[in-house]
Amino acid sequence: MKKIFLSCLVVFAAWHMQAQTVDRLENPADWVNPLMGSQSNYSLSNGNTYPAIALPWGMNFWVAQTGKMGDGWQYTYDADKIRGFKQTHQPSPWINDYGQFSILPMTGTPKIDEELRASWFSHKTEIVKPYYYSVYLADYDVTTEIAPTERAASFRFTFPQTDSSYVLIDAFDKGSYVKIYPSEKKIIGYTTRNSGGVPANFKNYFVIYFDKSFESQSIWNNKKTVEGTLECADNHVGALIHFKTKKGEKINARVASSFISFEQAELNLREIGKKDFDEVKQLAKDSWNKELNRIVAEGGTVDQTRTFYSCLYRTMLFPRKFYEVDGGGNIVHYSPYSGEVKSGYMFTDNGFWDTFRAVFPLFNLIEPTLNAHIQEGLVNAYNESGWLPEWASPGHRDCMVGSNSASIIAKAYMKGARGYDINKLYEAVLKNSNNEGPLGSVGRKGAAFYNKLGYVPYDVKINENTARTLEYAYDDYAIYQLAKLLKRPKKEVDLFARRSQNYRNVFDSETKLMRGRNQNGTFQKPFSPFKWGDAYRRKQLALYMVCFS
């Protein structure tokens, strides 16, 4: 009887904890679980997120790297080894990463190969917050802590007593460079590793300062140390720094990077300045609390509150601030389109097909200043590439369908965003609506068919034709609304009013579904509403049944 009673108490306590409501939050950042969605499964397309340790919309993120170099699934919850702590700019596993390098503390005999150096870890020793990461590396008896700024980060390593403590810097393959300055306790380097969407001169320059003198140091190239040099450029290079440490000794590192130059990377270290690790951590937490507090969630259960703020955190990671502040305090950016350093804002790592429906309308409500800066960034992207981005990472990428930049631009202006050249953006929107771009997802693939027939035909070898038609029609509605607001000529306004009704042209009254349609007006045969892809983008049929019903 006692056992039954005790079990009931446990069940009741668990139920009560979940059922109680949360009426007041002071630190929403501590309710975020960055691990949510990281139990990924490639074959099921499940999870597919990673715990980004970053500031809201920060230029650089950090992540514990469990996957192999170049693997888009760079952190998976079910993994049990960490290969390094990686600076990442990855928006999704399918788009993959660019400008990445990693840092790993170790003890004993140093290992360069990422398979050999990987250390066991347990989630029981892992602390994961948006503003702070900590984990114990069991193979090395070292704890690593990370606190981010927008373009820099503080690292704190707690070592055991040993004459063989090391920190390895891996600048990754496909073109990298490192140089060690022992007297300054400093390492510089660059990585060129990317997955596309970059100019030929792309580099991510990094600088690392330690607060303890090196016992010794070495360069490595292709997994082997190189004698007699403190500098190397090749396919895959890195550095290895040696220390002697006492039990519990903490070694700090300040890390910053730049897409512009080593000098700019040094300037970006100003975000840390003379602040110690705990100060950087607190400022990062304050930054997250400020943004997350723009929406106060009350009355939910503990789980509902955690889920809400964990999801809100995800909306505040992208698009990334792909700009820096020069020595004169001016906003500048390396152009991922032209390869030149330009003035003004630039944002990247965002697919508008994925975000125009919800994220950008949210920004219009809670982040109007940020959204105005994003619009200025779109002006710069158009000026530098001749096209509006639809999926940028960091430059144009060929992914998804539609010209949804039109929706983002129209909605922002209609909701009051100002301070940028809206007429230049309208010019860009018109160009997008009438032309195919250099990639399938830039401009409008099938634009000539769409503008002539009122739909993209099924039988002209343009995949996802019905999805494109429906996207274009919605985007034309957005252009129509913006054209009215900008008092464009009536003929132009009427044109987009008519085009906004083009979704009707792929509605099949027989099946009551949106359906692929041939050039001669007949609908595709055979037809299955459950077919993946083909006339649709994934299983978009059900979505558009709702949107256009």
# chains A, B, ... in the order shown; residues from 1 in each chain; ligands from 1
call {"tool": "select_by_dssp", "arguments": {"residues": "region 104-288 of chain A", "states": "helix (DSSP H, G or I)", "output": "number ranges by chain"}}
result
A: 114-117, 123-125, 182-184, 262-271, 277-288
call {"tool": "residues_around", "arguments": {"residues": "region 42-50 of chain A", "least_positions_apart": "2", "cutoff": "12 Å", "atoms": "only C-alpha atoms", "output": "ChimeraX atom specification"}}
result
/A:33-40,52-54,61-67,71-78,86,88-96,128,130,310-311,314,317
call {"tool": "atom_distance", "arguments": {"atom1": "CA of Lys431 (chain A)", "atom2": "CA of Trp387 (chain A)"}}
result
7.9 Å
call {"tool": "closest_residue", "arguments": {"among": "A:Thr355, A:Ser122, A:Ser509, A:Asn60", "to": "Tyr136 (chain A)", "atoms": "only C-alpha atoms"}}
result
A:Ser122
call {"tool": "atom_distance", "arguments": {"atom1": "CA of Ala147 (chain A)", "atom2": "CA of Ala256 (chain A)"}}
result
12.1 Å
call {"tool": "closest_residue", "arguments": {"among": "A:Pro361, A:Pro389, A:Pro51, A:Gly521", "to": "Val506 (chain A)", "atoms": "only C-alpha atoms"}}
result
A:Gly521
call {"tool": "closest_residue", "arguments": {"among": "A:His236, A:Arg357, A:Lys185, A:Arg306", "to": "Trp220 (chain A)", "atoms": "only C-alpha atoms"}}
result
A:His236
call {"tool": "select_by_dssp", "arguments": {"residues": "region 279-475 of chain A", "states": "strand (DSSP E or B)", "output": "NGL selection string"}}
result
:A and (300-301 or 320-321 or 324-325 or 331-334 or 341-343 or 347-348 or 350-351 or 391-392 or 396 or 436 or 443)
call {"tool": "closest_residue", "arguments": {"among": "A:Tyr426, A:Tyr313, A:Trp288, A:Phe347", "to": "Trp391 (chain A)", "atoms": "only C-alpha atoms"}}
result
A:Phe347
call {"tool": "residues_around", "arguments": {"residues": "Pro394 (chain A)", "least_positions_apart": "6", "cutoff": "9 Å", "atoms": "only C-alpha atoms", "output": "list in words"}}
result
His89, Tyr98, Gly196, Gly197, Val198, Phe322, Ser335, Pro336, Tyr337, Phe347, Thr348, Asp349 and Asn350 of chain A
call {"tool": "write_last_selection", "arguments": {"atoms": "N, CA, C and O atoms", "output": "CSV table (one decimal), in the first residue's frame"}}
result
chain,number,residue,atom,x,y,z
A,89,HIS,N,28.7,29.3,-39.7
A,89,HIS,CA,27.7,30.3,-40.3
A,89,HIS,C,26.6,29.5,-41.0
A,89,HIS,O,26.0,30.0,-41.9
A,98,TYR,N,30.0,27.8,-44.2
A,98,TYR,CA,31.1,28.5,-44.9
A,98,TYR,C,31.9,29.3,-43.8
A,98,TYR,O,31.3,29.5,-42.7
A,196,GLY,N,29.6,27.2,-51.5
A,196,GLY,CA,29.1,27.9,-52.6
A,196,GLY,C,28.6,29.3,-52.2
A,196,GLY,O,28.5,29.6,-51.0
A,197,GLY,N,28.2,30.1,-53.2
A,197,GLY,CA,27.7,31.4,-52.9
A,197,GLY,C,28.7,32.4,-52.5
A,197,GLY,O,28.4,33.3,-51.8
A,198,VAL,N,30.0,32.2,-52.9
A,198,VAL,CA,31.0,33.2,-52.5
A,198,VAL,C,31.8,33.6,-53.7
A,198,VAL,O,32.0,32.8,-54.7
A,322,PHE,N,25.7,40.3,-41.6
A,322,PHE,CA,26.9,40.1,-42.4
A,322,PHE,C,27.6,41.4,-42.7
A,322,PHE,O,28.0,41.7,-43.8
A,335,SER,N,31.2,42.2,-49.6
A,335,SER,CA,30.1,41.8,-50.4
A,335,SER,C,30.2,40.4,-50.9
A,335,SER,O,31.2,40.0,-51.5
A,336,PRO,N,29.3,39.5,-50.5
A,336,PRO,CA,29.3,38.1,-50.9
A,336,PRO,C,28.9,38.0,-52.4
A,336,PRO,O,28.8,36.9,-52.9
A,337,TYR,N,28.6,39.1,-53.0
A,337,TYR,CA,28.2,39.1,-54.4
A,337,TYR,C,29.3,39.6,-55.3
A,337,TYR,O,29.6,39.0,-56.4
A,347,PHE,N,22.8,41.5,-44.8
A,347,PHE,CA,22.3,40.4,-44.1
A,347,PHE,C,22.3,39.2,-45.0
A,347,PHE,O,22.2,39.3,-46.2
A,348,THR,N,22.4,38.0,-44.4
A,348,THR,CA,22.5,36.8,-45.2
A,348,THR,C,22.0,35.6,-44.4
A,348,THR,O,21.5,35.7,-43.3
A,349,ASP,N,22.1,34.4,-45.0
A,349,ASP,CA,21.8,33.1,-44.4
A,349,ASP,C,20.3,33.1,-44.1
A,349,ASP,O,19.8,32.9,-43.0
A,350,ASN,N,19.5,33.2,-45.2
A,350,ASN,CA,18.1,33.2,-45.1
A,350,ASN,C,17.4,32.8,-46.4
A,350,ASN,O,17.8,33.3,-47.4
call {"tool": "atom_distance", "arguments": {"atom1": "CA of Ala79 (chain A)", "atom2": "CA of Phe101 (chain A)"}}
result
20.0 Å
call {"tool": "residues_around", "arguments": {"residues": "Phe496 (chain A)", "least_positions_apart": "4", "cutoff": "9 Å", "atoms": "only C-alpha atoms", "output": "PyMOL selection string"}}
result
chain A and resi 473+476-481+483+491-492+500-501
call {"tool": "closest_residue", "arguments": {"among": "A:Ser216, A:Asn383, A:Ser165, A:Ser393", "to": "Asp141 (chain A)", "atoms": "only C-alpha atoms"}}
result
A:Ser165
call {"tool": "closest_residue", "arguments": {"among": "A:Gly329, A:Leu453, A:Lys461, A:Trp353", "to": "Ile408 (chain A)", "atoms": "only C-alpha atoms"}}
result
A:Trp353
call {"tool": "residues_around", "arguments": {"residues": "Phe259 (chain A)", "least_positions_apart": "6", "cutoff": "10 Å", "atoms": "only C-alpha atoms", "output": "list in words"}}
result
Met59, Gly99, Tyr190, Phe202, Lys203, Asn204, Tyr205, Phe206, Ala265, Phe322, Tyr323, Glu324, His333, Tyr334, Ser335, Pro336, Gly339 and Val341 of chain A
call {"tool": "residues_around", "arguments": {"residues": "Tyr131 (chain A)", "least_positions_apart": "5", "cutoff": "9 Å", "atoms": "only C-alpha atoms", "output": "VMD selection string"}}
result
chain A and resid 29 52 to 55 146 to 149 281 to 288
call {"tool": "write_last_selection", "arguments": {"atoms": "N, CA and C atoms", "output": "PDB file, in the first residue's frame"}}
result
ATOM      1  N   ALA A  29      15.859  34.105 -21.418  1.00  0.00           N
ATOM      2  CA  ALA A  29      16.990  33.397 -22.029  1.00  0.00           C
ATOM      3  C   ALA A  29      17.251  32.064 -21.347  1.00  0.00           C
ATOM      4  N   ALA A  52      23.033  26.763 -31.465  1.00  0.00           N
ATOM      5  CA  ALA A  52      23.838  27.916 -31.841  1.00  0.00           C
ATOM      6  C   ALA A  52      24.117  28.765 -30.606  1.00  0.00           C
ATOM      7  N   ILE A  53      25.390  28.912 -30.267  1.00  0.00           N
ATOM      8  CA  ILE A  53      25.797  29.773 -29.171  1.00  0.00           C
ATOM      9  C   ILE A  53      26.174  31.102 -29.814  1.00  0.00           C
ATOM     10  N   ALA A  54      25.360  32.112 -29.608  1.00  0.00           N
ATOM     11  CA  ALA A  54      25.473  33.333 -30.416  1.00  0.00           C
ATOM     12  C   ALA A  54      24.716  34.459 -29.756  1.00  0.00           C
ATOM     13  N   LEU A  55      24.874  35.650 -30.308  1.00  0.00           N
ATOM     14  CA  LEU A  55      23.990  36.759 -29.981  1.00  0.00           C
ATOM     15  C   LEU A  55      22.891  36.829 -31.031  1.00  0.00           C
ATOM     16  N   ILE A 146      32.239  28.692 -23.451  1.00  0.00           N
ATOM     17  CA  ILE A 146      32.184  29.672 -24.534  1.00  0.00           C
ATOM     18  C   ILE A 146      31.121  30.717 -24.206  1.00  0.00           C
ATOM     19  N   ALA A 147      31.478  31.997 -24.395  1.00  0.00           N
ATOM     20  CA  ALA A 147      30.515  33.098 -24.279  1.00  0.00           C
ATOM     21  C   ALA A 147      30.688  33.980 -25.509  1.00  0.00           C
ATOM     22  N   PRO A 148      29.617  34.246 -26.260  1.00  0.00           N
ATOM     23  CA  PRO A 148      29.746  34.929 -27.551  1.00  0.00           C
ATOM     24  C   PRO A 148      29.489  36.431 -27.503  1.00  0.00           C
ATOM     25  N   THR A 149      30.041  37.136 -28.504  1.00  0.00           N
ATOM     26  CA  THR A 149      29.575  38.459 -28.881  1.00  0.00           C
ATOM     27  C   THR A 149      29.119  38.335 -30.339  1.00  0.00           C
ATOM     28  N   LYS A 281      29.852  36.833 -20.772  1.00  0.00           N
ATOM     29  CA  LYS A 281      28.700  35.933 -20.616  1.00  0.00           C
ATOM     30  C   LYS A 281      27.461  36.699 -20.163  1.00  0.00           C
ATOM     31  N   GLN A 282      27.613  37.593 -19.191  1.00  0.00           N
ATOM     32  CA  GLN A 282      26.468  38.344 -18.682  1.00  0.00           C
ATOM     33  C   GLN A 282      25.906  39.284 -19.740  1.00  0.00           C
ATOM     34  N   LEU A 283      26.793  39.945 -20.491  1.00  0.00           N
ATOM     35  CA  LEU A 283      26.328  40.837 -21.551  1.00  0.00           C
ATOM     36  C   LEU A 283      25.582  40.077 -22.636  1.00  0.00           C
ATOM     37  N   ALA A 284      26.068  38.867 -22.939  1.00  0.00           N
ATOM     38  CA  ALA A 284      25.371  38.033 -23.924  1.00  0.00           C
ATOM     39  C   ALA A 284      23.980  37.650 -23.419  1.00  0.00           C
ATOM     40  N   LYS A 285      23.913  37.307 -22.147  1.00  0.00           N
ATOM     41  CA  LYS A 285      22.610  36.976 -21.555  1.00  0.00           C
ATOM     42  C   LYS A 285      21.678  38.181 -21.583  1.00  0.00           C
ATOM     43  N   ASP A 286      22.213  39.353 -21.262  1.00  0.00           N
ATOM     44  CA  ASP A 286      21.401  40.576 -21.279  1.00  0.00           C
ATOM     45  C   ASP A 286      20.854  40.840 -22.683  1.00  0.00           C
ATOM     46  N   SER A 287      21.681  40.608 -23.684  1.00  0.00           N
ATOM     47  CA  SER A 287      21.252  40.831 -25.067  1.00  0.00           C
ATOM     48  C   SER A 287      20.092  39.916 -25.427  1.00  0.00           C
ATOM     49  N   TRP A 288      20.189  38.661 -25.047  1.00  0.00           N
ATOM     50  CA  TRP A 288      19.099  37.724 -25.340  1.00  0.00           C
ATOM     51  C   TRP A 288      17.832  38.087 -24.555  1.00  0.00           C
TER      52      TRP A 288
END
call {"tool": "residues_around", "arguments": {"residues": "region 409-420 of chain A", "least_positions_apart": "4", "cutoff": "12 Å", "atoms": "only C-alpha atoms", "output": "ChimeraX atom specification"}}
result
/A:344-345,352,356-380,388-390,403-405,424-430,474-486
